[in-house]
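Peer 1: Provided herewith: work-v3.txt, compact mmCIF, C-alpha atoms.
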```txt
# COMPACT_ATOMS: atom_id res chain seq x y z
CA MET A 1 12.28 201.04 5.39
CA GLN A 2 13.38 204.00 7.46
CA ARG A 3 17.14 204.50 7.20
CA ARG A 4 18.92 204.66 10.52
CA HIS A 5 22.62 205.15 11.10
CA PHE A 6 24.55 203.56 13.93
CA LEU A 7 27.93 204.49 15.31
CA MET A 8 29.07 200.99 16.25
CA THR A 9 31.38 200.72 19.21
CA PRO A 10 32.51 197.51 20.91
CA PRO A 11 29.89 197.42 23.70
CA ALA A 12 27.10 197.69 21.10
CA LEU A 13 28.19 194.65 19.14
CA ALA A 14 27.31 191.00 19.16
CA LEU A 15 24.71 190.40 21.83
CA GLY A 16 26.20 193.03 24.10
CA ALA A 17 29.10 190.73 25.00
CA ALA A 18 31.99 192.65 26.50
CA ALA A 19 34.52 190.20 25.10
CA ALA A 20 32.95 188.00 22.47
CA THR A 21 34.88 184.85 21.61
CA ALA A 22 35.53 183.64 18.09
CA PRO A 23 32.23 181.89 17.26
CA ILE A 24 30.21 184.94 18.29
CA ALA A 25 29.53 187.27 15.39
CA THR A 26 31.37 190.56 15.78
CA LEU A 27 31.32 193.70 13.66
CA ALA A 28 34.39 195.81 13.05
CA ALA A 29 34.40 199.02 15.08
CA PRO A 30 34.41 201.93 15.05
CA THR A 31 32.62 202.36 11.73
CA ILE A 32 29.43 203.85 10.38
CA MET A 33 26.84 201.10 9.84
CA THR A 34 23.55 201.39 7.98
CA PRO A 35 20.88 198.80 7.16
CA GLN A 36 22.47 198.62 3.68
CA SER A 37 25.97 197.80 4.94
CA ARG A 38 27.23 194.27 4.32
CA ILE A 39 28.22 192.68 7.62
CA LEU A 40 29.89 189.42 8.64
CA PRO A 41 32.08 189.27 5.51
CA ARG A 42 32.70 185.79 4.14
CA GLN A 43 36.12 184.22 4.38
CA GLY A 44 37.14 181.87 1.58
CA LYS A 45 34.72 179.70 -0.39
CA LYS A 46 33.27 177.59 2.41
CA PRO A 47 29.48 177.29 2.30
CA ARG A 48 27.57 179.98 4.22
CA ILE A 49 24.30 178.89 5.85
CA VAL A 50 22.26 181.61 7.56
CA ILE A 51 19.58 180.61 10.07
CA CYS A 52 16.88 183.11 11.00
CA GLY A 53 15.45 182.22 14.40
CA GLY A 54 17.23 180.78 17.42
CA GLY A 55 14.57 178.52 18.92
CA TRP A 56 14.47 174.74 19.19
CA GLY A 57 14.71 174.21 15.43
CA GLY A 58 17.18 176.93 14.52
CA MET A 59 19.69 176.12 17.25
CA THR A 60 19.47 172.41 16.45
CA ALA A 61 20.13 173.05 12.77
CA ALA A 62 23.12 175.26 13.65
CA ARG A 63 24.67 172.59 15.86
CA TYR A 64 24.30 169.77 13.31
CA LEU A 65 25.37 171.83 10.31
CA ARG A 66 28.69 172.55 12.02
CA GLU A 67 29.00 168.87 12.89
CA LEU A 68 28.09 167.52 9.45
CA ILE A 69 29.88 170.23 7.41
CA PRO A 70 32.92 171.09 9.57
CA ASP A 71 34.19 173.77 7.19
CA SER A 72 30.81 175.48 6.90
CA ASP A 73 30.17 179.10 7.93
CA VAL A 74 26.97 178.93 9.97
CA VAL A 75 25.38 182.18 11.13
CA LEU A 76 22.42 182.23 13.53
CA LEU A 77 20.36 185.44 13.70
CA GLU A 78 18.11 185.82 16.74
CA ARG A 79 16.39 188.93 18.08
CA ASN A 80 16.09 187.77 21.71
CA PRO A 81 19.13 187.98 24.00
CA THR A 82 18.42 184.64 25.68
CA PHE A 83 16.65 181.37 24.90
CA TRP A 84 13.22 180.75 26.45
CA SER A 85 11.77 177.26 26.17
CA GLY A 86 8.07 176.87 25.41
CA PRO A 87 8.11 173.27 26.71
CA MET A 88 8.03 173.33 30.51
CA SER A 89 6.86 176.98 30.54
CA ASN A 90 3.39 176.00 31.81
CA LYS A 91 5.07 174.24 34.74
CA TRP A 92 7.20 177.35 35.26
CA LEU A 93 4.07 179.51 35.52
CA ILE A 94 3.14 177.78 38.76
CA ASP A 95 6.71 177.18 40.04
CA ILE A 96 7.10 173.47 39.38
CA VAL A 97 10.34 174.41 37.59
CA ASN A 98 12.34 177.58 38.11
CA THR A 99 13.43 180.22 35.60
CA ASP A 100 16.91 178.78 35.19
CA PHE A 101 15.34 175.58 33.90
CA ILE A 102 13.67 177.19 30.87
CA ASN A 103 15.82 180.28 30.28
CA HIS A 104 19.38 179.80 28.97
CA ASP A 105 22.15 181.85 27.44
CA MET A 106 22.80 181.30 23.74
CA LEU A 107 26.51 182.04 23.79
CA HIS A 108 27.41 178.69 25.34
CA PRO A 109 26.07 176.51 22.50
CA ALA A 110 27.43 178.91 19.87
CA ASN A 111 30.89 178.62 21.41
CA LYS A 112 30.62 174.88 21.98
CA TYR A 113 29.45 174.00 18.46
CA GLY A 114 31.30 176.75 16.61
CA TYR A 115 28.65 178.77 14.83
CA GLN A 116 28.33 182.55 14.68
CA LEU A 117 25.55 184.19 16.68
CA LEU A 118 24.26 187.70 16.15
CA GLN A 119 21.45 189.30 18.13
CA THR A 120 19.56 191.35 15.57
CA GLU A 121 16.16 191.81 14.01
CA VAL A 122 15.57 190.25 10.58
CA THR A 123 13.80 192.91 8.51
CA GLY A 124 13.62 191.43 5.02
CA PHE A 125 15.22 189.41 2.24
CA GLU A 126 16.68 189.88 -1.21
CA ARG A 127 16.43 186.30 -2.36
CA ASP A 128 17.59 187.07 -5.91
CA LYS A 129 20.89 188.26 -4.40
CA LYS A 130 20.87 185.74 -1.52
CA LEU A 131 20.89 188.43 1.14
CA VAL A 132 19.17 188.74 4.52
CA ARG A 133 18.33 192.27 5.63
CA THR A 134 18.81 192.87 9.34
CA ALA A 135 18.77 195.86 11.67
CA HIS A 136 22.57 195.79 11.55
CA GLY A 137 23.00 195.34 7.80
CA LEU A 138 23.00 192.75 5.02
CA VAL A 139 24.14 189.14 5.50
CA GLU A 140 25.01 186.93 2.53
CA TYR A 141 24.08 183.24 2.30
CA ASP A 142 24.32 180.17 0.09
CA TYR A 143 21.55 178.39 1.99
CA LEU A 144 18.92 180.04 4.15
CA ILE A 145 16.91 178.43 6.96
CA LEU A 146 13.79 180.19 8.21
CA SER A 147 12.96 179.04 11.73
CA GLY A 148 11.09 181.96 13.26
CA GLY A 149 8.09 180.10 14.67
CA ILE A 150 4.70 181.80 14.65
CA ARG A 151 3.04 185.18 14.74
CA ASN A 152 -0.16 186.06 16.60
CA ASP A 153 -2.78 187.00 14.01
CA TYR A 154 -4.62 189.63 16.04
CA GLU A 155 -5.82 191.13 12.75
CA ALA A 156 -8.22 188.18 12.42
CA TRP A 157 -10.04 189.59 15.45
CA PHE A 158 -9.53 193.33 15.15
CA GLY A 159 -8.68 194.11 11.52
CA ASN A 160 -6.57 197.28 11.50
CA ASP A 161 -7.69 198.44 14.97
CA GLN A 162 -4.17 198.82 16.37
CA LYS A 163 -5.45 200.26 19.65
CA ALA A 164 -7.41 197.07 20.40
CA ILE A 165 -4.47 194.89 19.31
CA ASP A 166 -2.02 196.72 21.55
CA TYR A 167 -4.42 196.71 24.50
CA THR A 168 -5.06 192.97 24.17
CA ARG A 169 -1.37 192.17 23.87
CA LYS A 170 -0.58 194.32 26.91
CA HIS A 171 -3.40 193.28 29.23
CA PHE A 172 -4.19 189.71 28.14
CA PRO A 173 -0.86 188.20 27.00
CA ASN A 174 -0.71 184.54 26.01
CA ALA A 175 3.10 184.02 25.96
CA TYR A 176 3.04 181.56 23.06
CA ILE A 177 5.93 183.49 21.53
CA PRO A 178 8.89 183.43 23.95
CA ASN A 179 9.59 187.01 25.00
CA GLN A 180 8.66 189.38 27.81
CA GLU A 181 5.08 188.11 27.70
CA MET A 182 6.17 185.01 29.61
CA LEU A 183 7.04 187.09 32.66
CA ALA A 184 3.86 189.15 32.27
CA LEU A 185 1.71 186.01 32.15
CA LYS A 186 3.38 184.55 35.23
CA ARG A 187 2.69 187.79 37.08
CA LYS A 188 -0.96 187.60 35.95
CA VAL A 189 -1.33 184.05 37.29
CA LYS A 190 0.32 184.94 40.59
CA ASN A 191 -1.88 188.03 41.02
CA PHE A 192 -5.17 186.35 40.08
CA LYS A 193 -7.51 186.84 43.06
CA GLY A 194 -10.66 185.28 41.68
CA GLY A 195 -13.49 185.61 39.19
CA THR A 196 -13.74 184.20 35.67
CA LEU A 197 -10.51 183.67 33.75
CA VAL A 198 -11.22 183.12 30.06
CA MET A 199 -8.78 181.22 27.86
CA THR A 200 -9.31 181.35 24.11
CA LEU A 201 -7.73 178.65 21.97
CA PRO A 202 -6.70 179.31 18.37
CA PRO A 203 -8.27 177.29 15.57
CA PRO A 204 -5.96 174.57 14.20
CA PRO A 205 -3.22 174.58 13.19
CA HIS A 206 -1.60 176.29 16.13
CA ARG A 207 1.51 176.01 18.28
CA CYS A 208 1.71 172.93 20.55
CA PRO A 209 -1.92 171.75 20.27
CA PRO A 210 -2.25 170.02 23.68
CA SER A 211 -0.48 172.70 25.73
CA PRO A 212 -3.38 175.17 26.28
CA TYR A 213 -5.25 172.40 28.09
CA GLU A 214 -2.16 171.69 30.22
CA ARG A 215 -1.99 175.38 31.07
CA ALA A 216 -5.64 175.34 32.14
CA CYS A 217 -5.03 172.30 34.35
CA LEU A 218 -1.98 173.76 36.06
CA ILE A 219 -3.60 177.16 36.67
CA ALA A 220 -6.64 175.28 38.00
CA TRP A 221 -4.35 173.33 40.33
CA HIS A 222 -2.87 176.66 41.50
CA ILE A 223 -6.41 178.01 42.11
CA LYS A 224 -7.41 174.84 43.98
CA LYS A 225 -4.23 174.70 46.08
CA ASN A 226 -4.50 178.34 47.15
CA LYS A 227 -8.29 178.29 47.60
CA ILE A 228 -8.76 181.16 45.16
CA PRO A 229 -12.46 181.79 44.32
CA GLY A 230 -11.85 181.56 40.60
CA LYS A 231 -13.01 179.64 37.55
CA ILE A 232 -11.43 178.95 34.16
CA LEU A 233 -13.53 179.10 31.01
CA ILE A 234 -11.88 177.45 28.00
CA LEU A 235 -13.34 178.72 24.71
CA ASP A 236 -12.30 176.08 22.19
CA PRO A 237 -13.08 176.45 18.47
CA LYS A 238 -12.76 172.68 17.99
CA PRO A 239 -15.79 170.39 18.42
CA LYS A 240 -13.99 168.43 21.16
CA ILE A 241 -10.81 168.36 23.22
CA ALA A 242 -7.90 167.18 21.10
CA PRO A 243 -5.36 165.73 21.28
CA ILE A 244 -5.38 163.46 24.36
CA GLY A 245 -9.10 164.17 24.60
CA VAL A 246 -10.03 161.39 27.03
CA GLY A 247 -7.15 162.18 29.38
CA TYR A 248 -7.94 165.88 29.53
CA LYS A 249 -11.68 165.30 29.87
CA GLN A 250 -11.05 163.04 32.87
CA ALA A 251 -8.70 165.60 34.40
CA PHE A 252 -11.26 168.38 34.01
CA GLU A 253 -14.09 166.29 35.48
CA GLU A 254 -12.19 164.44 38.20
CA LEU A 255 -9.64 167.01 39.39
CA TYR A 256 -11.21 170.41 38.64
CA PRO A 257 -14.98 169.95 38.23
CA ASP A 258 -15.78 173.22 40.00
CA ILE A 259 -13.01 175.22 38.33
CA ILE A 260 -12.68 174.32 34.63
CA THR A 261 -15.49 174.62 32.11
CA HIS A 262 -14.68 173.57 28.55
CA VAL A 263 -16.86 175.11 25.84
CA PRO A 264 -16.51 173.42 22.41
CA ASN A 265 -17.32 175.01 19.04
CA ALA A 266 -16.54 178.43 20.54
CA ARG A 267 -14.84 180.24 17.68
CA VAL A 268 -14.29 183.92 18.49
CA GLN A 269 -16.56 186.21 16.46
CA GLU A 270 -16.21 189.52 18.32
CA LEU A 271 -13.99 190.64 21.17
CA ASP A 272 -14.13 193.83 23.22
CA PRO A 273 -10.98 193.78 25.38
CA PHE A 274 -11.86 197.12 26.98
CA LYS A 275 -15.25 195.98 28.28
CA LYS A 276 -14.07 192.38 28.80
CA LYS A 277 -16.74 190.86 26.59
CA ILE A 278 -16.38 188.11 24.02
CA LYS A 279 -18.85 186.76 21.48
CA THR A 280 -18.29 183.26 20.09
CA SER A 281 -20.17 180.78 17.93
CA ALA A 282 -21.14 179.05 21.21
CA GLY A 283 -22.46 182.16 22.96
CA GLU A 284 -21.42 185.41 24.62
CA PHE A 285 -19.27 185.62 27.74
CA ASP A 286 -18.00 188.23 30.18
CA PHE A 287 -14.69 187.82 31.96
CA ASP A 288 -12.71 189.29 34.82
CA ASP A 289 -9.34 188.37 33.34
CA ALA A 290 -8.17 186.47 30.31
CA ILE A 291 -5.40 184.72 28.42
CA LEU A 292 -6.28 185.50 24.82
CA MET A 293 -4.74 183.46 22.01
CA PRO A 294 -5.69 184.67 18.52
CA PRO A 295 -5.23 182.48 15.43
CA HIS A 296 -1.63 181.59 14.64
CA GLN A 297 0.27 182.08 11.38
CA ALA A 298 3.83 181.60 10.18
CA ALA A 299 6.35 184.09 11.53
CA GLU A 300 6.64 187.52 9.94
CA MET A 301 9.89 186.51 8.22
CA VAL A 302 8.06 184.06 5.93
CA TRP A 303 5.74 186.85 4.81
CA ALA A 304 8.73 189.16 4.31
CA ALA A 305 10.40 186.51 2.15
CA ASP A 306 7.21 186.21 0.03
CA LEU A 307 7.07 182.48 0.70
CA ILE A 308 3.56 182.08 2.13
CA GLY A 309 1.46 179.38 0.45
CA LYS A 310 -1.73 180.04 -1.48
CA THR A 311 -5.06 178.28 -1.49
CA PRO A 312 -6.60 177.11 -4.80
CA GLU A 313 -8.56 180.38 -4.67
CA GLY A 314 -5.34 182.37 -4.42
CA LYS A 315 -5.69 183.40 -0.78
CA PRO A 316 -2.74 183.10 1.64
CA THR A 317 -2.70 179.92 3.71
CA GLY A 318 -0.81 181.69 6.46
CA TRP A 319 1.96 179.07 6.40
CA ALA A 320 5.13 178.40 4.41
CA ASP A 321 4.85 177.22 0.81
CA MET A 322 7.14 174.20 0.97
CA ASN A 323 8.12 170.84 -0.45
CA VAL A 324 6.59 168.42 2.04
CA ARG A 325 9.44 165.88 1.89
CA TYR A 326 12.52 168.10 1.58
CA PHE A 327 11.35 171.18 3.55
CA THR A 328 12.58 173.56 0.83
CA ALA A 329 10.61 176.53 -0.46
CA ASN A 330 8.64 175.80 -3.58
CA GLY A 331 10.35 177.88 -6.25
CA ASP A 332 13.56 178.51 -4.25
CA ASP A 333 15.38 175.39 -3.11
CA SER A 334 18.13 177.42 -1.42
CA VAL A 335 15.59 178.24 1.32
CA TYR A 336 14.56 175.71 3.99
CA PHE A 337 11.80 175.79 6.60
CA VAL A 338 12.14 174.42 10.11
CA GLY A 339 9.60 174.30 12.91
CA ASP A 340 6.20 175.80 13.54
CA LEU A 341 6.11 178.06 10.47
CA MET A 342 6.02 175.04 8.11
CA GLY A 343 3.07 174.49 5.78
CA ALA A 344 0.69 171.55 5.47
CA ILE A 345 2.16 168.10 4.88
CA SER A 346 -0.72 165.76 4.06
CA ASP A 347 -4.45 165.86 3.41
CA GLN A 348 -4.77 163.00 5.92
CA PHE A 349 -3.69 165.06 8.95
CA GLY A 350 -2.77 168.54 7.71
CA HIS A 351 0.33 169.91 9.45
CA TYR A 352 2.99 168.24 11.51
CA PRO A 353 2.31 169.15 15.14
CA LYS A 354 3.74 172.60 15.73
CA SER A 355 5.82 171.38 18.63
CA ALA A 356 9.37 171.76 19.92
CA HIS A 357 10.00 168.05 19.38
CA VAL A 358 9.16 168.31 15.69
CA ALA A 359 11.22 171.51 15.31
CA ASN A 360 14.22 169.79 16.89
CA TYR A 361 13.78 166.76 14.64
CA ILE A 362 13.31 168.79 11.44
CA GLY A 363 16.36 170.88 12.36
CA ARG A 364 18.47 167.72 12.28
CA ILE A 365 16.88 166.52 9.04
CA VAL A 366 17.48 169.82 7.26
CA ALA A 367 21.10 169.88 8.44
CA LYS A 368 21.58 166.38 6.96
CA ASN A 369 19.91 167.39 3.71
CA ILE A 370 22.09 170.49 3.28
CA ALA A 371 25.20 168.45 4.11
CA GLN A 372 24.27 165.96 1.38
CA ARG A 373 23.82 168.77 -1.13
CA VAL A 374 27.13 170.39 -0.23
CA ALA A 375 28.84 167.02 -0.66
CA GLY A 376 27.20 166.53 -4.07
CA LYS A 377 25.20 163.52 -2.86
CA GLU A 378 21.59 162.59 -3.48
CA VAL A 379 19.34 164.00 -0.76
CA THR A 380 17.50 161.38 1.28
CA PRO A 381 14.01 162.49 2.43
CA LEU A 382 13.43 161.66 6.09
CA LEU A 383 10.42 161.74 8.39
CA PRO A 384 10.17 163.11 11.95
CA ASP A 385 8.16 161.80 14.86
CA ASN A 386 6.54 163.70 17.71
CA LEU A 387 6.17 163.29 21.45
CA CYS A 388 4.41 165.60 23.92
CA TYR A 389 4.06 165.24 27.69
CA MET A 390 1.43 167.29 29.51
CA MET A 391 1.11 167.74 33.29
CA VAL A 392 -2.47 167.78 34.57
CA ASN A 393 -1.94 167.62 38.34
CA GLY A 394 0.59 169.36 40.56
CA ASP A 395 0.19 167.23 43.69
CA PRO A 396 0.73 164.42 43.10
CA GLN A 397 2.50 165.31 39.89
CA GLU A 398 0.81 163.38 37.08
CA GLU A 399 0.98 163.62 33.32
CA ILE A 400 -0.63 162.35 30.15
CA SER A 401 1.02 162.26 26.73
CA VAL A 402 0.62 161.84 22.99
CA LYS A 403 2.87 160.32 20.36
CA PHE A 404 2.72 160.73 16.58
CA GLU A 405 4.38 158.36 14.13
CA TYR A 406 4.76 158.92 10.37
CA GLU A 407 5.21 156.76 7.31
CA VAL A 408 4.86 157.10 3.55
CA ASP A 409 2.05 155.13 1.92
CA PRO A 410 2.35 153.44 -1.51
CA THR A 411 1.13 156.62 -3.23
CA GLY A 412 3.91 158.71 -1.64
CA LYS A 413 1.61 160.47 0.84
CA VAL A 414 2.77 160.98 4.43
CA ILE A 415 0.45 159.19 6.89
CA GLN A 416 0.12 159.94 10.60
CA THR A 417 -0.66 157.55 13.45
CA GLN A 418 -1.65 159.16 16.75
CA ILE A 419 -1.23 157.35 20.07
CA ASP A 420 -2.84 158.99 23.11
CA MET A 421 -1.76 157.98 26.61
CA ASP A 422 -4.79 159.13 28.59
CA VAL A 423 -4.13 157.56 31.99
CA ARG A 424 -2.55 160.03 34.42
CA SER A 425 0.80 158.75 35.62
CA SER A 426 3.77 159.88 37.71
CA ASP A 427 5.98 157.70 35.50
CA LEU A 428 5.21 160.03 32.59
CA VAL A 429 6.53 162.94 34.68
CA LYS A 430 9.88 161.15 34.93
CA GLU A 431 9.83 160.47 31.19
CA ASP A 432 9.01 164.12 30.52
CA PHE A 433 12.01 165.44 32.45
CA ALA A 434 14.29 162.81 30.91
CA TRP A 435 13.05 163.88 27.46
CA ILE A 436 13.60 167.60 27.92
CA ASN A 437 17.01 167.13 29.55
CA SER A 438 18.10 165.03 26.57
CA ARG A 439 16.85 167.69 24.13
CA PHE A 440 18.53 170.54 26.03
CA SER A 441 21.74 168.52 25.95
CA ASP A 442 21.28 168.07 22.20
CA PHE A 443 21.11 171.71 21.10
CA LEU A 444 22.00 173.78 24.17
CA GLY A 445 24.99 171.64 25.08
CA ILE A 446 24.11 171.49 28.78
```
Let me see the structure of the file written as structure tokens.
Peer 2:
Amino acid sequence: MQRRHFLMTPPALALGAAAATAPIATLAAPTIMTPQSRILPRQGKKPRIVICGGGWGGMTAARYLRELIPDSDVVLLERNPTFWSGPMSNKWLIDIVNTDFINHDMLHPANKYGYQLLQTEVTGFERDKKLVRTAHGLVEYDYLILSGGIRNDYEAWFGNDQKAIDYTRKHFPNAYIPNQEMLALKRKVKNFKGGTLVMTLPPPPHRCPPSPYERACLIAWHIKKNKIPGKILILDPKPKIAPIGVGYKQAFEELYPDIITHVPNARVQELDPFKKKIKTSAGEFDFDDAILMPPHQAAEMVWAADLIGKTPEGKPTGWADMNVRYFTANGDDSVYFVGDLMGAISDQFGHYPKSAHVANYIGRIVAKNIAQRVAGKEVTPLLPDNLCYMMVNGDPQEEISVKFEYEVDPTGKVIQTQIDMDVRSSDLVKEDFAWINSRFSDFLGI
């Protein structure tokens, strides 16, 4: 890693806050800092839990760790200056909710719940020494939670062709990782004047499985409402729409028959972003514009920690190598996984849905499990559930939804039951907003 030296002065510290309050991580200044400097020195012998990733799961874990272990030293490391919510972002793209609804400051919950927050990039780990490497220096831990979400695996399409990767990311963003791409995608939707808009879906498992179809419906509603001469072509690697297949199929056929075309079994084989051509297992297609989602993998931090699972053939699974009931890393039980980066759970259904609801739920479970360990108690394995609401019509506003329930069978295997609610309903819209407001209250404290 390239060594860089920083002259740290007060305005450069701790999320750029001019006057950071006690729970916000601050670094002594002035001093010479390097990536090898130890920062955030520990005080006393209270347990130190470091959380890498300030999304739905990481912020939830931070809140409940401080609640369940009041004398704990909880440090949240997040590279983004503000919190962007994936849930509701499709509605934000076409102005059903405004920016203030999905974008929130992270200082408020840190202050309210009493954990330390540092805006920095996680660059690596020294697990033998229980250290996290960051752009600002080294942070010690007793327990480590990795909650960094996903990475876009553009290499699956382009190999080491960095020019094609950068061009695709710049011109055809998908905004499935909350960052500046969200604003770029909204600008793309607003500026779409017509033609064929291609949407590629990643092969499972991927982040929020039903949400790409919701995005297609809401952009189609925008096209229909504004009489834009455009069409949406969904290239889906799966053999059929899933989940909520019946509900989405009815929405496509009844609401947007002249706008949305769903192409199943369309796994991407070749992509030329410069010439706007794509070859799939279902045929070749040209496009005028696109929202291109490559395959998903666990966040870079899991790879940096050398905690990616392996197949029986020794190849990387792309997801965290974890104990399926306790969410700890296999081989290092001081490390926990929360959220979308988690590995497979059961051969019956594969992965837990890579959704915000599950991340929030697992964040609470992991906080309880760590609290039990700190107290010297036996750890109780718990199961999450999952609930997703998806808007398919903007006027009248109507939604469909899916629920997942989990139980352990007599052999100890986790079993999933899926319940699709396929009938479009305005009542589900009310439930959706009640759900997200309750979750924001839970970990954002608003």
Peer 1: Considering only C-alpha atoms, give me a table of residues in region 340-387 of chain A that are at most 12 Å from region 150-170 of chain A, with the closest atom pair and distance in Å for each, as a Markdown table.
Peer 2:
```
| residue | atom | partner | partner_atom | distance |
| --- | --- | --- | --- | --- |
| A:Asp340 | CA | A:Ile150 | CA | 6.3 |
| A:Leu341 | CA | A:Ile150 | CA | 5.8 |
| A:Met342 | CA | A:Ile150 | CA | 9.5 |
| A:Gly343 | CA | A:Ile150 | CA | 11.6 |
| A:Lys354 | CA | A:Ile150 | CA | 9.3 |
| A:Ser355 | CA | A:Ile150 | CA | 11.2 |
```
Peer 1: For Tyr336 (chain A), which residue among A:Asn437, A:Asn369, A:Asn179, A:Gln250 is the nearest when counting all atoms listed in the file?
Peer 2: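 Of the candidates, the smallest distance to Tyr336 (chain A) is held by A:Asn369.
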Peer 1: Please report as a tab-separated table every residue of region 110-215 of chain A lying within 12 Å of region 390-413 of chain A, along with the nearest atom pair and their distance in Å (one decimal), using all atoms listed in the file.
Peer 2:
```
residue	atom	partner	partner_atom	distance
A:Cys208	CA	A:Met390	CA	10.6
A:Pro209	CA	A:Val402	CA	10.6
A:Pro210	CA	A:Met390	CA	7.4
A:Ser211	CA	A:Met390	CA	6.9
A:Pro212	CA	A:Met390	CA	9.8
A:Tyr213	CA	A:Val392	CA	8.4
A:Glu214	CA	A:Met390	CA	5.7
A:Arg215	CA	A:Val392	CA	8.4
```
Peer 1: For each of A:Ala251, A:Met301, A:Leu197, A:Ala216, take the minimum atom-to-atom distance to Cys52 (chain A), counting only C-alpha atoms, then give the residue where this is smallest.
Peer 2: A:Met301
Peer 1: Please check which residues have atoms at most 10 Å from (1.9, 166.5, 3.6) in the file's coordinates, counting all atoms listed in the file, and write them as a list in words.
Peer 2: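 I get Met322, Asn323, Val324, Arg325, Gly343, Ala344, Ile345, Ser346, Asp347, Gln348, Phe349, Gly350, His351, Tyr352, Val408, Gly412, Lys413, Val414, Ile415 and Gln416 of chain A for the residues within 10 Å of that point.
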Peer 1: Could you write out that same residue set with C-alpha atoms as a PDB file, in the coordinates of the input?
Peer 2:
```
ATOM      1  CA  MET A 322       7.140 174.200   0.970  1.00  0.00           C
ATOM      2  CA  ASN A 323       8.120 170.840  -0.450  1.00  0.00           C
ATOM      3  CA  VAL A 324       6.590 168.420   2.040  1.00  0.00           C
ATOM      4  CA  ARG A 325       9.440 165.880   1.890  1.00  0.00           C
ATOM      5  CA  GLY A 343       3.070 174.490   5.780  1.00  0.00           C
ATOM      6  CA  ALA A 344       0.690 171.550   5.470  1.00  0.00           C
ATOM      7  CA  ILE A 345       2.160 168.100   4.880  1.00  0.00           C
ATOM      8  CA  SER A 346      -0.720 165.760   4.060  1.00  0.00           C
ATOM      9  CA  ASP A 347      -4.450 165.860   3.410  1.00  0.00           C
ATOM     10  CA  GLN A 348      -4.770 163.000   5.920  1.00  0.00           C
ATOM     11  CA  PHE A 349      -3.690 165.060   8.950  1.00  0.00           C
ATOM     12  CA  GLY A 350      -2.770 168.540   7.710  1.00  0.00           C
ATOM     13  CA  HIS A 351       0.330 169.910   9.450  1.00  0.00           C
ATOM     14  CA  TYR A 352       2.990 168.240  11.510  1.00  0.00           C
ATOM     15  CA  VAL A 408       4.860 157.100   3.550  1.00  0.00           C
ATOM     16  CA  GLY A 412       3.910 158.710  -1.640  1.00  0.00           C
ATOM     17  CA  LYS A 413       1.610 160.470   0.840  1.00  0.00           C
ATOM     18  CA  VAL A 414       2.770 160.980   4.430  1.00  0.00           C
ATOM     19  CA  ILE A 415       0.450 159.190   6.890  1.00  0.00           C
ATOM     20  CA  GLN A 416       0.120 159.940  10.600  1.00  0.00           C
TER      21      GLN A 416
END
```
Peer 1: Quick one: pull the distance between CA of Val74 (chain A) and CA of Thr134 (chain A), Å, one decimal.
Peer 2: 16.2 Å
Peer 1: Calculate how many Å separate CA of Gly58 (chain A) from CA of Leu93 (chain A), rounding to one decimal.
Peer 2: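 CA of Leu93 (chain A) lies 24.9 Å from CA of Gly58 (chain A).
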Peer 1: Hey, what's within 8 Å of Arg127 (chain A) if we count only C-alpha atoms and toss same-chain stuff fewer than 4 positions away? As a PyMOL selection string, please?
Peer 2: chain A and resi 131-132+305
Peer 1: So how far away is CA of Leu428 (chain A) from CA of Lys224 (chain A), in Å?
Peer 2: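 So the answer is 22.5 Å.
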Peer 1: Box along x, y and z, 5 Å on every side, all listed atoms of region 150-169 of chain A inside: centre and edge lengths in Å to one decimal, as JSON.
Peer 2:
```
{"center_x": -2.7, "center_y": 191.0, "center_z": 18.0, "size_x": 24.7, "size_y": 28.5, "size_z": 23.0}
```
Peer 1: Which residue, A:Thr380, A:Ser426, A:Gln372, A:Thr120, has the smallest gap to Arg79 (chain A) when you use only C-alpha atoms?
Peer 2: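 For Arg79 (chain A), the nearest of the candidates is A:Thr120.
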Peer 1: Please determine, counting all atoms listed in the file, which residue among A:Ala175, A:Val189, A:Cys217, A:Ala298 has the shortest atom-to-atom distance to Glu254 (chain A).
Peer 2: A:Cys217
Peer 1: Would you list the contacts of region 234-238 of chain A as a list in words, taking every protein, DNA or RNA residue within 6 Å and counting all atoms listed in the file, but skipping same-chain residues closer than 5 positions in sequence?
Peer 2: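 The contact residues come out as Met199, Thr200, Leu201, Pro203, His262, Val263, Pro264, Asn265, Ala266 and Arg267 of chain A.
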Peer 1: Which of these, A:Glu378, A:Asp420, A:Asp432, A:Glu67, has the shortest distance to Gly247 (chain A) once you count all atoms listed in the file?
Peer 2: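 For Gly247 (chain A), the nearest of the given residues is A:Asp420.
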Peer 1: Could you name the residues that touch Ile102 (chain A) at 12 Å or less, counting all atoms listed in the file, but leaving out those on the same chain fewer than 4 positions away, as a CSV table (one decimal) with C-alpha atoms, in the frame of the given file?
Peer 2:
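Below is the file that was written, selection-v9.csv:
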```csv
chain,number,residue,atom,x,y,z
A,56,TRP,CA,14.5,174.7,19.2
A,82,THR,CA,18.4,184.6,25.7
A,83,PHE,CA,16.6,181.4,24.9
A,84,TRP,CA,13.2,180.8,26.4
A,85,SER,CA,11.8,177.3,26.2
A,86,GLY,CA,8.1,176.9,25.4
A,87,PRO,CA,8.1,173.3,26.7
A,88,MET,CA,8.0,173.3,30.5
A,89,SER,CA,6.9,177.0,30.5
A,90,ASN,CA,3.4,176.0,31.8
A,91,LYS,CA,5.1,174.2,34.7
A,92,TRP,CA,7.2,177.4,35.3
A,93,LEU,CA,4.1,179.5,35.5
A,95,ASP,CA,6.7,177.2,40.0
A,96,ILE,CA,7.1,173.5,39.4
A,97,VAL,CA,10.3,174.4,37.6
A,98,ASN,CA,12.3,177.6,38.1
A,178,PRO,CA,8.9,183.4,24.0
A,182,MET,CA,6.2,185.0,29.6
A,433,PHE,CA,12.0,165.4,32.4
A,436,ILE,CA,13.6,167.6,27.9
A,437,ASN,CA,17.0,167.1,29.6
A,440,PHE,CA,18.5,170.5,26.0
A,444,LEU,CA,22.0,173.8,24.2
```
